[in-house]
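Visitor: For reference, the structure I am asking about is given below.
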Amino acid sequence: MEFAVEVEILARVRHKNLLSLRGYCAEGQERLIVYDYLPNLSLLSHLHGQHSAECLLDWTRRMNIAIGSAEGVAYLHHHATPHIIHRDIKASNVLVDSDFQAQVADFGFARLIPDGATHVTTRVKGTLGYLAPEYAMLGKASESCDVYSFGILLLELASGKKPIEKVGQGMKRTVTDWALPLACERKFDEIADPKLNGKYLEDELKRVVFVGLLCAHSRPERRPTMLEVVDLLKGESKEKLAQLENDELFKTPQVAEYNEGNDGATAVEGESSDFISEEKDEKKNLKEEAVPEITHNG
Ligand SMILES: Nc1ncnc2c1ncn2[C@@H]1O[C@H](COP(=O)(O)OP(=O)(O)OP(=O)(O)O)[C@@H](O)[C@H]1O
Ligand SMILES: [Mg+2]
């Protein structure tokens with residue numbers, strides 16, 4: 001199933017920031033998809049993995065990756081027909097090419113959104129730490145779920161922190177719970193990844209953090225669209241930036257309102273459960289799968 005979805009989606013998309021399909025094979029039991037191999041691997045390997053010690057991601061590269069990956073997702077949401085939601089935006093699915101440009105990959109979980117539909121109701125797939133609360137709890141998948149995951153990715157890119165971190169005694173803290181109070185106090189030097197050694201443009205970092213936090217708001221209607229995210233990250237409209245900076249959200253820490261309906265760090269338990277797959281509970285949910293619900297406008 002994932003194979004068919006991935007091939008169908010990949011055949012529809014062509015964008016400089018989306019990893020494109022080279023070819024595929026479906027013969028007997030064999031299923032194979034061929035992509036270009038990107039020697040710089042993924043954001044995950046630069047931020048937390050095998051490339052992290054080399055500190056190859058200076059601020060200019062991070063900013064290019066933020067804007068490029070936003071453009072890739074904006075293409076899926078607003079320019080592909082029908083619109084596509086990715087459902088697994090995360091650091092390991094944003095690959096980095098030899099020029100340090102972003103290529104969003106992994107369309108195995110993606111869904112096509114029929115014309116006029118606001119969301120599709122589906123069993124939850126994706127990765128803990130990146131899941132929008134309404135999607136995790138109610139299975140409502142829409143563009144704004146990708147926006148939420150993208151917000152987490154932006155905060156990760158700016159701070160070098162993982163979406164969820166251990167804070168001792170079995171407690172875990174989300175990157176949003178950590179960053180929101182600091183952003184309200186305008187302590188951007190404390191948010192910036194220490195690996196940047198203070199070498200970043202404060203205006204740009206501020207933009208990435210504010211946009212990231214707004215994207216990861218618990219209430220989907222508060223989140224921007226990916227087209228707005230691209231504009232804001234590029235800093236093209238001074239007016240929009242001023243509005244963003246003056247948003248109520250960044251005046252006083254409003255962690256409770258921000259995390260409405262989301263238990264935040266304490267809801268997350270266990271080491272091995274950071275990946276949710278439909279396949280794992282396939283037997284239990286066979287009936288559910290047979291009746292996908294589609295909600296239409298008007
Ligand atoms: N085309 C590619 N070029 C280079 N590295 C890649 C490519 N595709 C994937 N990778 C690397 O392989 C790793 C594993 O990718 P894979 O998609 O199988 O798992 P994942 O992204 O960690 O989790 P998930 O299965 O949830 O997507 C990624 O972290 C990425 O660094
Ligand atoms: Mg992947």
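Going through the structure tokens in order, the chains are called A, B, and so on, while each chain numbers its residues from 1 and the ligands are numbered from 1 in the order shown.
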List the neighbours of Ala105 in chain A out to 9 Å using only C-alpha atoms; skip same-chain residues closer than 2 positions along the sequence, and give me the result as a ChimeraX atom specification.
Guide: /A:17-20,89,92-95,103,107
Visitor: What does the list of residues within 12 Å of ligand 1 look like if you count only C-alpha atoms and all ligand atoms, written as a PyMOL selection string?
Guide: chain A and resi 2+6+18-22+33-51+86-98+102-110+125-128+130+273-278
Visitor: Hey, can you spit out that residue selection with C-alpha atoms as a PDB file, in the first residue's frame?
Guide:
ATOM      1  CA  GLU A   2       2.704   2.471   1.022  1.00  0.00           C
ATOM      2  CA  GLU A   6       4.567   6.706  -2.765  1.00  0.00           C
ATOM      3  CA  LEU A  18      11.081  17.558  -3.349  1.00  0.00           C
ATOM      4  CA  LEU A  19      13.139  14.395  -3.837  1.00  0.00           C
ATOM      5  CA  SER A  20      12.118  13.056  -7.225  1.00  0.00           C
ATOM      6  CA  LEU A  21      11.530   9.536  -8.387  1.00  0.00           C
ATOM      7  CA  ARG A  22      14.195   7.920 -10.615  1.00  0.00           C
ATOM      8  CA  ILE A  33      11.771   2.686  -5.542  1.00  0.00           C
ATOM      9  CA  VAL A  34      14.896   4.368  -6.898  1.00  0.00           C
ATOM     10  CA  TYR A  35      15.919   7.874  -5.780  1.00  0.00           C
ATOM     11  CA  ASP A  36      19.080   9.889  -6.129  1.00  0.00           C
ATOM     12  CA  TYR A  37      21.439   9.229  -3.247  1.00  0.00           C
ATOM     13  CA  LEU A  38      22.195  12.473  -1.421  1.00  0.00           C
ATOM     14  CA  PRO A  39      25.650  12.208   0.189  1.00  0.00           C
ATOM     15  CA  ASN A  40      24.806  14.893   2.738  1.00  0.00           C
ATOM     16  CA  LEU A  41      22.018  12.662   4.096  1.00  0.00           C
ATOM     17  CA  SER A  42      19.310  14.327   6.171  1.00  0.00           C
ATOM     18  CA  LEU A  43      18.828  17.196   8.595  1.00  0.00           C
ATOM     19  CA  LEU A  44      18.656  14.575  11.321  1.00  0.00           C
ATOM     20  CA  SER A  45      22.203  13.434  10.626  1.00  0.00           C
ATOM     21  CA  HIS A  46      23.465  17.059  10.692  1.00  0.00           C
ATOM     22  CA  LEU A  47      21.592  18.107  13.810  1.00  0.00           C
ATOM     23  CA  HIS A  48      21.792  14.981  15.932  1.00  0.00           C
ATOM     24  CA  GLY A  49      23.521  12.184  13.987  1.00  0.00           C
ATOM     25  CA  GLN A  50      26.629  11.177  12.108  1.00  0.00           C
ATOM     26  CA  HIS A  51      27.394  14.626  10.599  1.00  0.00           C
ATOM     27  CA  HIS A  86       2.811  14.667   3.570  1.00  0.00           C
ATOM     28  CA  ARG A  87       1.975  13.412   7.121  1.00  0.00           C
ATOM     29  CA  ASP A  88       5.574  12.646   8.099  1.00  0.00           C
ATOM     30  CA  ILE A  89       7.505  15.924   7.985  1.00  0.00           C
ATOM     31  CA  LYS A  90      10.522  15.500  10.252  1.00  0.00           C
ATOM     32  CA  ALA A  91      14.273  15.967  10.302  1.00  0.00           C
ATOM     33  CA  SER A  92      15.096  12.545   8.810  1.00  0.00           C
ATOM     34  CA  ASN A  93      12.738  13.192   5.895  1.00  0.00           C
ATOM     35  CA  VAL A  94      14.360  16.484   4.909  1.00  0.00           C
ATOM     36  CA  LEU A  95      17.395  15.463   2.890  1.00  0.00           C
ATOM     37  CA  VAL A  96      20.290  17.800   2.144  1.00  0.00           C
ATOM     38  CA  ASP A  97      21.804  17.842  -1.348  1.00  0.00           C
ATOM     39  CA  SER A  98      25.440  18.543  -2.264  1.00  0.00           C
ATOM     40  CA  ALA A 102      16.630  20.891   1.131  1.00  0.00           C
ATOM     41  CA  GLN A 103      14.868  17.985  -0.586  1.00  0.00           C
ATOM     42  CA  VAL A 104      11.745  16.781   1.211  1.00  0.00           C
ATOM     43  CA  ALA A 105      11.482  12.989   0.926  1.00  0.00           C
ATOM     44  CA  ASP A 106       9.395   9.984   1.980  1.00  0.00           C
ATOM     45  CA  PHE A 107       5.896  10.170   0.577  1.00  0.00           C
ATOM     46  CA  GLY A 108       4.857   6.716   1.815  1.00  0.00           C
ATOM     47  CA  PHE A 109       2.398   8.214   4.329  1.00  0.00           C
ATOM     48  CA  ALA A 110       1.158  11.013   2.088  1.00  0.00           C
ATOM     49  CA  LYS A 125       0.704   7.743  11.135  1.00  0.00           C
ATOM     50  CA  GLY A 126       3.767   9.797  11.733  1.00  0.00           C
ATOM     51  CA  THR A 127       6.316  10.354  14.455  1.00  0.00           C
ATOM     52  CA  LEU A 128       5.745  11.448  18.056  1.00  0.00           C
ATOM     53  CA  TYR A 130       5.885  16.066  15.298  1.00  0.00           C
ATOM     54  CA  SER A 273       7.356   4.250  20.729  1.00  0.00           C
ATOM     55  CA  ASP A 274       8.366   7.352  18.822  1.00  0.00           C
ATOM     56  CA  PHE A 275       7.022   5.978  15.588  1.00  0.00           C
ATOM     57  CA  ILE A 276       3.368   5.334  14.909  1.00  0.00           C
ATOM     58  CA  SER A 277       2.471   3.130  12.003  1.00  0.00           C
ATOM     59  CA  GLU A 278      -0.926   2.135  10.673  1.00  0.00           C
TER      60      GLU A 278
END
Visitor: Report, in Å with one decimal, the straight-line distance from CA of Gly72 in chain A to CA of His217 in chain A.
Guide: 21.2 Å
Visitor: Where does DSSP see helix (DSSP H, G or I) in range 90-260 of chain A, if you list the residues as a VMD selection string?
Guide: chain A and resid 91 to 93 133 to 138 143 to 159 175 to 184 188 to 191 194 to 196 202 to 215 220 to 222 226 to 234 238 to 245 248 to 250 255 to 258
Visitor: Store the residues picked out above in a file with C-alpha atoms, as a PDB file, in the first residue's frame.
Guide:
ATOM      1  CA  ALA A  91      14.273  15.967  10.302  1.00  0.00           C
ATOM      2  CA  SER A  92      15.096  12.545   8.810  1.00  0.00           C
ATOM      3  CA  ASN A  93      12.738  13.192   5.895  1.00  0.00           C
ATOM      4  CA  PRO A 133      -2.697  17.221  18.684  1.00  0.00           C
ATOM      5  CA  GLU A 134      -5.960  17.113  16.676  1.00  0.00           C
ATOM      6  CA  TYR A 135      -4.382  14.560  14.364  1.00  0.00           C
ATOM      7  CA  ALA A 136      -2.896  12.439  17.161  1.00  0.00           C
ATOM      8  CA  MET A 137      -6.187  12.426  19.093  1.00  0.00           C
ATOM      9  CA  LEU A 138      -8.894  12.530  16.423  1.00  0.00           C
ATOM     10  CA  GLU A 143      -2.552  20.645   5.583  1.00  0.00           C
ATOM     11  CA  SER A 144      -2.342  22.244   9.023  1.00  0.00           C
ATOM     12  CA  CYS A 145      -1.005  18.972  10.512  1.00  0.00           C
ATOM     13  CA  ASP A 146       1.985  19.289   8.169  1.00  0.00           C
ATOM     14  CA  VAL A 147       2.295  22.950   9.235  1.00  0.00           C
ATOM     15  CA  TYR A 148       2.500  21.811  12.872  1.00  0.00           C
ATOM     16  CA  SER A 149       5.255  19.274  12.074  1.00  0.00           C
ATOM     17  CA  PHE A 150       7.056  21.912  10.023  1.00  0.00           C
ATOM     18  CA  GLY A 151       6.986  24.257  13.029  1.00  0.00           C
ATOM     19  CA  ILE A 152       8.697  21.623  15.165  1.00  0.00           C
ATOM     20  CA  LEU A 153      11.288  21.186  12.405  1.00  0.00           C
ATOM     21  CA  LEU A 154      11.974  24.954  12.352  1.00  0.00           C
ATOM     22  CA  LEU A 155      12.521  25.016  16.122  1.00  0.00           C
ATOM     23  CA  GLU A 156      14.841  22.031  15.807  1.00  0.00           C
ATOM     24  CA  LEU A 157      16.803  23.765  13.052  1.00  0.00           C
ATOM     25  CA  ALA A 158      17.212  26.972  15.078  1.00  0.00           C
ATOM     26  CA  SER A 159      17.999  25.393  18.432  1.00  0.00           C
ATOM     27  CA  VAL A 175      10.846  21.854  22.173  1.00  0.00           C
ATOM     28  CA  THR A 176       7.788  24.168  22.110  1.00  0.00           C
ATOM     29  CA  ASP A 177       7.396  24.130  25.922  1.00  0.00           C
ATOM     30  CA  TRP A 178      11.064  25.029  26.177  1.00  0.00           C
ATOM     31  CA  ALA A 179      11.165  27.701  23.459  1.00  0.00           C
ATOM     32  CA  LEU A 180       7.903  29.625  24.043  1.00  0.00           C
ATOM     33  CA  PRO A 181       8.860  31.274  27.364  1.00  0.00           C
ATOM     34  CA  LEU A 182      12.319  32.135  26.002  1.00  0.00           C
ATOM     35  CA  ALA A 183      10.778  33.661  22.865  1.00  0.00           C
ATOM     36  CA  CYS A 184       8.366  35.720  24.999  1.00  0.00           C
ATOM     37  CA  PHE A 188      17.091  34.403  21.299  1.00  0.00           C
ATOM     38  CA  ASP A 189      20.726  33.863  22.253  1.00  0.00           C
ATOM     39  CA  GLU A 190      19.522  31.110  24.615  1.00  0.00           C
ATOM     40  CA  ILE A 191      17.416  29.510  21.882  1.00  0.00           C
ATOM     41  CA  PRO A 194      25.256  26.455  20.683  1.00  0.00           C
ATOM     42  CA  LYS A 195      26.943  24.847  17.646  1.00  0.00           C
ATOM     43  CA  LEU A 196      26.386  28.138  15.788  1.00  0.00           C
ATOM     44  CA  GLU A 202      19.319  37.698  14.952  1.00  0.00           C
ATOM     45  CA  ASP A 203      16.480  38.948  12.744  1.00  0.00           C
ATOM     46  CA  GLU A 204      16.415  35.684  10.815  1.00  0.00           C
ATOM     47  CA  LEU A 205      16.687  33.496  13.898  1.00  0.00           C
ATOM     48  CA  LYS A 206      13.850  35.446  15.478  1.00  0.00           C
ATOM     49  CA  ARG A 207      11.743  34.865  12.372  1.00  0.00           C
ATOM     50  CA  VAL A 208      12.422  31.128  12.349  1.00  0.00           C
ATOM     51  CA  VAL A 209      11.555  30.832  16.058  1.00  0.00           C
ATOM     52  CA  PHE A 210       8.377  32.934  15.909  1.00  0.00           C
ATOM     53  CA  VAL A 211       7.156  31.191  12.750  1.00  0.00           C
ATOM     54  CA  GLY A 212       8.056  27.768  14.212  1.00  0.00           C
ATOM     55  CA  LEU A 213       6.103  28.444  17.396  1.00  0.00           C
ATOM     56  CA  LEU A 214       3.059  29.764  15.553  1.00  0.00           C
ATOM     57  CA  CYS A 215       3.088  26.748  13.203  1.00  0.00           C
ATOM     58  CA  PRO A 220      -5.013  24.486  13.929  1.00  0.00           C
ATOM     59  CA  GLU A 221      -6.869  27.721  13.078  1.00  0.00           C
ATOM     60  CA  ARG A 222      -4.027  29.732  14.667  1.00  0.00           C
ATOM     61  CA  MET A 226       2.695  27.076   4.177  1.00  0.00           C
ATOM     62  CA  LEU A 227       2.467  29.943   1.664  1.00  0.00           C
ATOM     63  CA  GLU A 228       2.453  32.384   4.597  1.00  0.00           C
ATOM     64  CA  VAL A 229       5.326  30.465   6.178  1.00  0.00           C
ATOM     65  CA  VAL A 230       7.424  30.900   3.010  1.00  0.00           C
ATOM     66  CA  ASP A 231       6.681  34.654   2.922  1.00  0.00           C
ATOM     67  CA  LEU A 232       7.419  35.109   6.603  1.00  0.00           C
ATOM     68  CA  LEU A 233      10.676  33.157   6.469  1.00  0.00           C
ATOM     69  CA  LYS A 234      11.823  35.168   3.468  1.00  0.00           C
ATOM     70  CA  LYS A 238       7.692  44.030   7.017  1.00  0.00           C
ATOM     71  CA  GLU A 239       4.047  44.455   7.957  1.00  0.00           C
ATOM     72  CA  LYS A 240       3.455  40.702   8.348  1.00  0.00           C
ATOM     73  CA  LEU A 241       6.663  40.359  10.360  1.00  0.00           C
ATOM     74  CA  ALA A 242       5.606  43.143  12.708  1.00  0.00           C
ATOM     75  CA  GLN A 243       2.222  41.455  13.140  1.00  0.00           C
ATOM     76  CA  LEU A 244       3.926  38.168  13.916  1.00  0.00           C
ATOM     77  CA  GLU A 245       6.240  39.712  16.466  1.00  0.00           C
ATOM     78  CA  GLU A 248      -0.448  37.876  21.693  1.00  0.00           C
ATOM     79  CA  LEU A 249       1.296  34.515  21.852  1.00  0.00           C
ATOM     80  CA  PHE A 250       4.684  36.183  22.268  1.00  0.00           C
ATOM     81  CA  VAL A 255       1.830  27.761  27.752  1.00  0.00           C
ATOM     82  CA  ALA A 256      -1.590  26.432  28.869  1.00  0.00           C
ATOM     83  CA  GLU A 257      -3.508  28.062  26.018  1.00  0.00           C
ATOM     84  CA  TYR A 258      -0.763  27.185  23.562  1.00  0.00           C
TER      85      TYR A 258
END
Visitor: Which residues in range 28-254 of chain A does DSSP call strand (DSSP E or B)? List them as a ChimeraX atom specification.
Guide: /A:30-35,42,83-85,94-96,102-104,111-113,117-121,126-127,140-141,164-166,172-174
Visitor: In Å, with one decimal, what is the gap from CA of Gln29 in chain A to CA of Glu8 in chain A?
Guide: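 About the pair CA of Gln29 in chain A and CA of Glu8 in chain A: they are 18.5 Å apart.
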Visitor: In Å to one decimal, how far is CA of Ser218 in chain A from CA of Pro114 in chain A?
Guide: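 So the two atoms, CA of Pro114 in chain A and CA of Ser218 in chain A, lie 24.7 Å apart.
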